[in-house]
Amino acid sequence: MLSRDMANNTFEYWYDRRNDQALVPGSHYFHTWMALAAFELDRMEAGNMLLSGYLNLEKTGHPEFNKHALLLICERHSSAIRADLAERVQSLALSLAFSVDFKTRTGNNWLVLRMFLHLKLYALYSRMQDLEQFRHYFFQMFDLEQGGMFCDFPPPWAEAVKENKAFPLTYSFKIQALFMECLGLLRSLDIEPELQSRLEMFLPKNLVTHLSLIAPDGEALYYGRSDNTLFGYANVLSVLSMLERHQAVESLKTRVWKYIEGKFSRNDTLIRCVPHNGFRDPYVYDSVYTAYFLARTLLSDTLNPVMDYTQEAEKTVVTLPVGVIVKREKFFSFISSAGCSIPDKGSDFRGYRYTGLTPMKIWHDEGTEEDLLSINRARINPANPELPLLPVYNGPGFKLIPHVFSISEITVHNNGCLISGEAFPVLVLGSRFLRRICNRIPFIRKVLQGVTIKTGLFKIVRRVAVDAVKKRVTIKDRLGAGTYCYYLSGRWRVDGSSVETIGGQDGVIIVRAKKYIELTCDLKKKHA
């Protein structure tokens, strides 16, 4: 759990850097959430300094996140706000305008946050228009649930792209946490019994799904954007904190905290918001995500339980909208299924984290994820050929990368599962110079972000088999004739029909294949 020493060390580290604009972007929500953390740590002077700093900033970005923190400060620490700031803080908490509505195309998690904030405003100020807005957004957001998870993109009314849904685990957990908080608020206010009943109908099922994603080593956010950030783990811990306290829940909390302490903490201080040497999205800032994590985690002990978690008999295979989990004693794996591309989000989101038919997480008692998959997230980006375990066709000045798979088969058996599908590759410009030029021209950028090469010449047919007893993962790709790059660790054995390894270094294997290539990872074997 978050110790007082770690909380204070982390706060002091980032408070001392609050004026460093390179580390603390003014358009995000560092000041408000760090101010909330300061008040929770009884650092009243520092909290007021942070509020004063926020009030002097231009209010240009993330109003929903700032409004959330300001409302919590007004609810919990109104007497601690300095007299010369109190009226402005209270006024801004009420008047700060929302930036998202049904016309915007940000992640659905923003809309669910707006829904929750309307309910929070009603709870604090009893304004009927807030309750009406909450109802309005609730009935739209209710449709986000699918197969025990929440869709973050596209919005539920975007019919044209419904086949291309994204379920990033970070934001599915966030939406689960917000819906659980809504249920708690509705009960405490004793209002809207119909909405309470709807939440009580699907939240327990979704809870079981989300908790099944937590691996034995505590990692839970290995698929989709914002993967494995402190922001995401703040929401994982919030979900766990709103459950009745008993051994199964406490065990999961301990598991997640062990992962956080091992991957994020340095000298009992949280400095980076992604694991050491981890990949980060362009909108991710250590200062902002750490501030959010610190405040949310300090508040987690104040959250009242809203439901119980009855641990069901452990399933050996769990099928989800985004993939398949295979569990056995001392073995855990998550294999993505169809995958998802997000053209509206741009090429920054086209990397391995949304790729179909790819092992995203493998854990067992004889190795580590880094040894098994060799995913060095710091060096992976969508334009590189080193996307792990994907065949990348190299052309003159471009690359073709398979991404979204049409799933033809998911077969569950006693030892694991078999998933099969096919994909047409997406075009990625190989020249950094050309990418920069095209990214400056909106029309060309929009076109090139979504170009799929639908020809049998480059079609990839993939079959992924997981055997939890033998502790083996096998990937078989049927490829068009040509030269392909794979990014592999030393644990993977390369076989196939007419396959010739013609070069490669630092984990990049370049092969020439005429029919198929087979990659086998025997997890019991030591690293080569």
# chains A, B, ... in the order shown; residues from 1 in each chain; ligands from 1

$ residues_around --residues "Asn8 in chain A" --least-positions-apart "3" --cutoff "10 Å" --atoms "only C-alpha atoms" --output "count of residues only"
13

$ residues_around --residues "Ala465 in chain A" --least-positions-apart "5" --cutoff "8 Å" --atoms "only C-alpha atoms" --output "list in words"
Gly416, Cys417, Leu418, Ile419, Val473, Thr474 and Ile475 of chain A

$ residues_around --residues "range 28-31 of chain A" --least-positions-apart "4" --cutoff "6 Å" --atoms "only C-alpha atoms" --output "ChimeraX atom specification"
/A:35,50,54,61-62,66,288,291

$ write_last_selection --atoms "C-alpha atoms" --output "mmCIF file, in the first residue's frame"
data_model
loop_
_atom_site.group_PDB
_atom_site.id
_atom_site.type_symbol
_atom_site.label_atom_id
_atom_site.label_comp_id
_atom_site.auth_asym_id
_atom_site.auth_seq_id
_atom_site.Cartn_x
_atom_site.Cartn_y
_atom_site.Cartn_z
ATOM 1 C CA ALA A 35 -3.037 20.493 -4.458
ATOM 2 C CA LEU A 50 -0.509 25.026 -5.897
ATOM 3 C CA TYR A 54 -3.390 27.044 -11.051
ATOM 4 C CA GLY A 61 -6.934 22.248 -21.372
ATOM 5 C CA HIS A 62 -8.399 19.299 -19.468
ATOM 6 C CA ASN A 66 -9.328 20.037 -13.145
ATOM 7 C CA VAL A 288 0.708 15.059 -14.253
ATOM 8 C CA ALA A 291 -0.017 13.907 -9.219
#

$ select_by_dssp --residues "range 126-251 of chain A" --states "alpha helix (DSSP H)" --output "PyMOL selection string"
chain A and resi 128-141+169-189+193-212+230-241+247-251

$ closest_residue --among "A:Cys340, A:Met1, A:Thr483, A:Lys515" --to "Pro396 in chain A" --atoms "only C-alpha atoms"
A:Thr483

$ residues_around --residues "Leu211 in chain A" --least-positions-apart "3" --cutoff "10 Å" --atoms "only C-alpha atoms" --output "mmCIF file with N, CA and C atoms, in the first residue's frame"
data_model
loop_
_atom_site.group_PDB
_atom_site.id
_atom_site.type_symbol
_atom_site.label_atom_id
_atom_site.label_comp_id
_atom_site.auth_asym_id
_atom_site.auth_seq_id
_atom_site.Cartn_x
_atom_site.Cartn_y
_atom_site.Cartn_z
ATOM 1 N N PHE A 173 -10.816 0.288 -17.017
ATOM 2 C CA PHE A 173 -10.771 0.346 -15.551
ATOM 3 C C PHE A 173 -11.272 1.701 -15.054
ATOM 4 N N ASN A 206 -18.923 -6.971 -14.856
ATOM 5 C CA ASN A 206 -17.759 -6.248 -15.361
ATOM 6 C C ASN A 206 -16.607 -6.268 -14.367
ATOM 7 N N LEU A 207 -16.950 -6.234 -13.098
ATOM 8 C CA LEU A 207 -15.916 -6.286 -12.065
ATOM 9 C C LEU A 207 -15.113 -7.577 -12.169
ATOM 10 N N VAL A 208 -15.809 -8.697 -12.289
ATOM 11 C CA VAL A 208 -15.121 -9.991 -12.400
ATOM 12 C C VAL A 208 -14.208 -10.004 -13.624
ATOM 13 N N ILE A 214 -5.869 -8.956 -13.971
ATOM 14 C CA ILE A 214 -4.698 -8.724 -13.119
ATOM 15 C C ILE A 214 -3.855 -9.993 -13.085
ATOM 16 N N ALA A 215 -2.656 -9.896 -13.620
ATOM 17 C CA ALA A 215 -1.752 -11.052 -13.702
ATOM 18 C C ALA A 215 -1.165 -11.373 -12.329
ATOM 19 N N ALA A 220 -1.650 -5.152 -14.868
ATOM 20 C CA ALA A 220 -3.054 -5.231 -15.269
ATOM 21 C C ALA A 220 -3.364 -4.439 -16.528
ATOM 22 N N VAL A 236 -7.238 1.306 -11.153
ATOM 23 C CA VAL A 236 -7.282 -0.094 -10.704
ATOM 24 C C VAL A 236 -7.449 -0.138 -9.192
ATOM 25 N N VAL A 239 -10.939 0.932 -8.014
ATOM 26 C CA VAL A 239 -11.912 -0.160 -8.145
ATOM 27 C C VAL A 239 -11.786 -1.112 -6.969
ATOM 28 N N LEU A 240 -10.566 -1.511 -6.640
ATOM 29 C CA LEU A 240 -10.360 -2.454 -5.537
ATOM 30 C C LEU A 240 -10.780 -1.856 -4.194
ATOM 31 N N VAL A 249 -9.749 -9.662 -1.985
ATOM 32 C CA VAL A 249 -9.532 -8.280 -2.428
ATOM 33 C C VAL A 249 -8.177 -7.776 -1.958
ATOM 34 N N LEU A 252 -5.377 -9.104 -4.061
ATOM 35 C CA LEU A 252 -5.233 -8.413 -5.336
ATOM 36 C C LEU A 252 -4.561 -7.055 -5.157
ATOM 37 N N TYR A 309 -17.054 -8.625 -3.800
ATOM 38 C CA TYR A 309 -16.419 -9.432 -4.837
ATOM 39 C C TYR A 309 -16.373 -10.858 -4.353
ATOM 40 N N GLN A 311 -15.204 -14.281 -5.127
ATOM 41 C CA GLN A 311 -14.252 -14.923 -6.029
ATOM 42 C C GLN A 311 -14.831 -16.225 -6.554
#

$ closest_residue --among "A:Pro275, A:His413, A:Cys74, A:Met6" --to "Ser91 in chain A" --atoms "only C-alpha atoms"
A:Cys74

$ closest_residue --among "A:Thr297, A:Phe142, A:Leu199, A:Arg114" --to "Asp130 in chain A" --atoms "only C-alpha atoms"
A:Arg114

$ residues_around --residues "Pro425 in chain A" --least-positions-apart "6" --cutoff "6 Å" --atoms "only C-alpha atoms" --output "JSON, numbers by chain"
{"A": [400, 401, 402, 452, 453]}

$ atom_distance --atom1 "CA of Gln176 in chain A" --atom2 "CA of Ala7 in chain A"
25.2 Å

$ closest_residue --among "A:Pro156, A:Glu181, A:Asp217, A:Thr520" --to "Gly262 in chain A" --atoms "only C-alpha atoms"
A:Asp217

$ atom_distance --atom1 "CA of Arg17 in chain A" --atom2 "CA of Asp286 in chain A"
11.5 Å

$ residues_around --residues "Leu124 in chain A" --least-positions-apart "6" --cutoff "12 Å" --atoms "only C-alpha atoms" --output "ChimeraX atom specification"
/A:71-76,90,93-94,117-118,130-131,185,189

$ write_last_selection --atoms "N, CA and C atoms" --output "mmCIF file, in the first residue's frame"
data_model
loop_
_atom_site.group_PDB
_atom_site.id
_atom_site.type_symbol
_atom_site.label_atom_id
_atom_site.label_comp_id
_atom_site.auth_asym_id
_atom_site.auth_seq_id
_atom_site.Cartn_x
_atom_site.Cartn_y
_atom_site.Cartn_z
ATOM 1 N N LEU A 71 -13.584 20.121 -7.257
ATOM 2 C CA LEU A 71 -14.786 19.724 -6.510
ATOM 3 C C LEU A 71 -14.430 18.895 -5.279
ATOM 4 N N LEU A 72 -13.444 18.012 -5.413
ATOM 5 C CA LEU A 72 -13.021 17.207 -4.261
ATOM 6 C C LEU A 72 -12.367 18.078 -3.197
ATOM 7 N N ILE A 73 -11.598 19.075 -3.622
ATOM 8 C CA ILE A 73 -10.982 19.997 -2.657
ATOM 9 C C ILE A 73 -12.065 20.789 -1.921
ATOM 10 N N CYS A 74 -13.052 21.297 -2.674
ATOM 11 C CA CYS A 74 -14.145 22.052 -2.051
ATOM 12 C C CYS A 74 -14.963 21.173 -1.111
ATOM 13 N N GLU A 75 -15.143 19.919 -1.479
ATOM 14 C CA GLU A 75 -15.928 18.998 -0.644
ATOM 15 C C GLU A 75 -15.195 18.626 0.634
ATOM 16 N N ARG A 76 -13.892 18.381 0.531
ATOM 17 C CA ARG A 76 -13.149 17.798 1.644
ATOM 18 C C ARG A 76 -12.302 18.807 2.420
ATOM 19 N N GLN A 90 -13.986 28.143 -5.377
ATOM 20 C CA GLN A 90 -15.376 27.679 -5.374
ATOM 21 C C GLN A 90 -16.076 28.051 -6.678
ATOM 22 N N ALA A 93 -14.748 25.887 -9.570
ATOM 23 C CA ALA A 93 -15.241 24.506 -9.483
ATOM 24 C C ALA A 93 -16.639 24.392 -10.077
ATOM 25 N N LEU A 94 -17.428 25.441 -9.931
ATOM 26 C CA LEU A 94 -18.783 25.438 -10.474
ATOM 27 C C LEU A 94 -18.830 25.839 -11.949
ATOM 28 N N LEU A 117 -19.288 13.914 -13.038
ATOM 29 C CA LEU A 117 -19.159 15.251 -12.461
ATOM 30 C C LEU A 117 -20.516 15.942 -12.324
ATOM 31 N N HIS A 118 -21.422 15.692 -13.261
ATOM 32 C CA HIS A 118 -22.769 16.253 -13.106
ATOM 33 C C HIS A 118 -23.436 15.704 -11.848
ATOM 34 N N ASP A 130 -28.017 19.755 -13.038
ATOM 35 C CA ASP A 130 -26.920 18.787 -13.004
ATOM 36 C C ASP A 130 -27.465 17.355 -12.982
ATOM 37 N N LEU A 131 -28.526 17.132 -12.233
ATOM 38 C CA LEU A 131 -29.116 15.796 -12.203
ATOM 39 C C LEU A 131 -29.697 15.436 -13.566
ATOM 40 N N LEU A 185 -22.704 7.169 -4.979
ATOM 41 C CA LEU A 185 -23.340 8.474 -4.793
ATOM 42 C C LEU A 185 -24.860 8.376 -4.859
ATOM 43 N N LEU A 189 -27.362 9.432 -1.823
ATOM 44 C CA LEU A 189 -28.377 10.457 -2.033
ATOM 45 C C LEU A 189 -29.794 9.880 -2.000
#

$ atom_distance --atom1 "CA of Ile407 in chain A" --atom2 "CA of Ala338 in chain A"
5.9 Å

$ closest_residue --among "A:Ser95, A:Ser172, A:Ser251, A:Ser197" --to "Tyr233 in chain A" --atoms "only C-alpha atoms"
A:Ser172
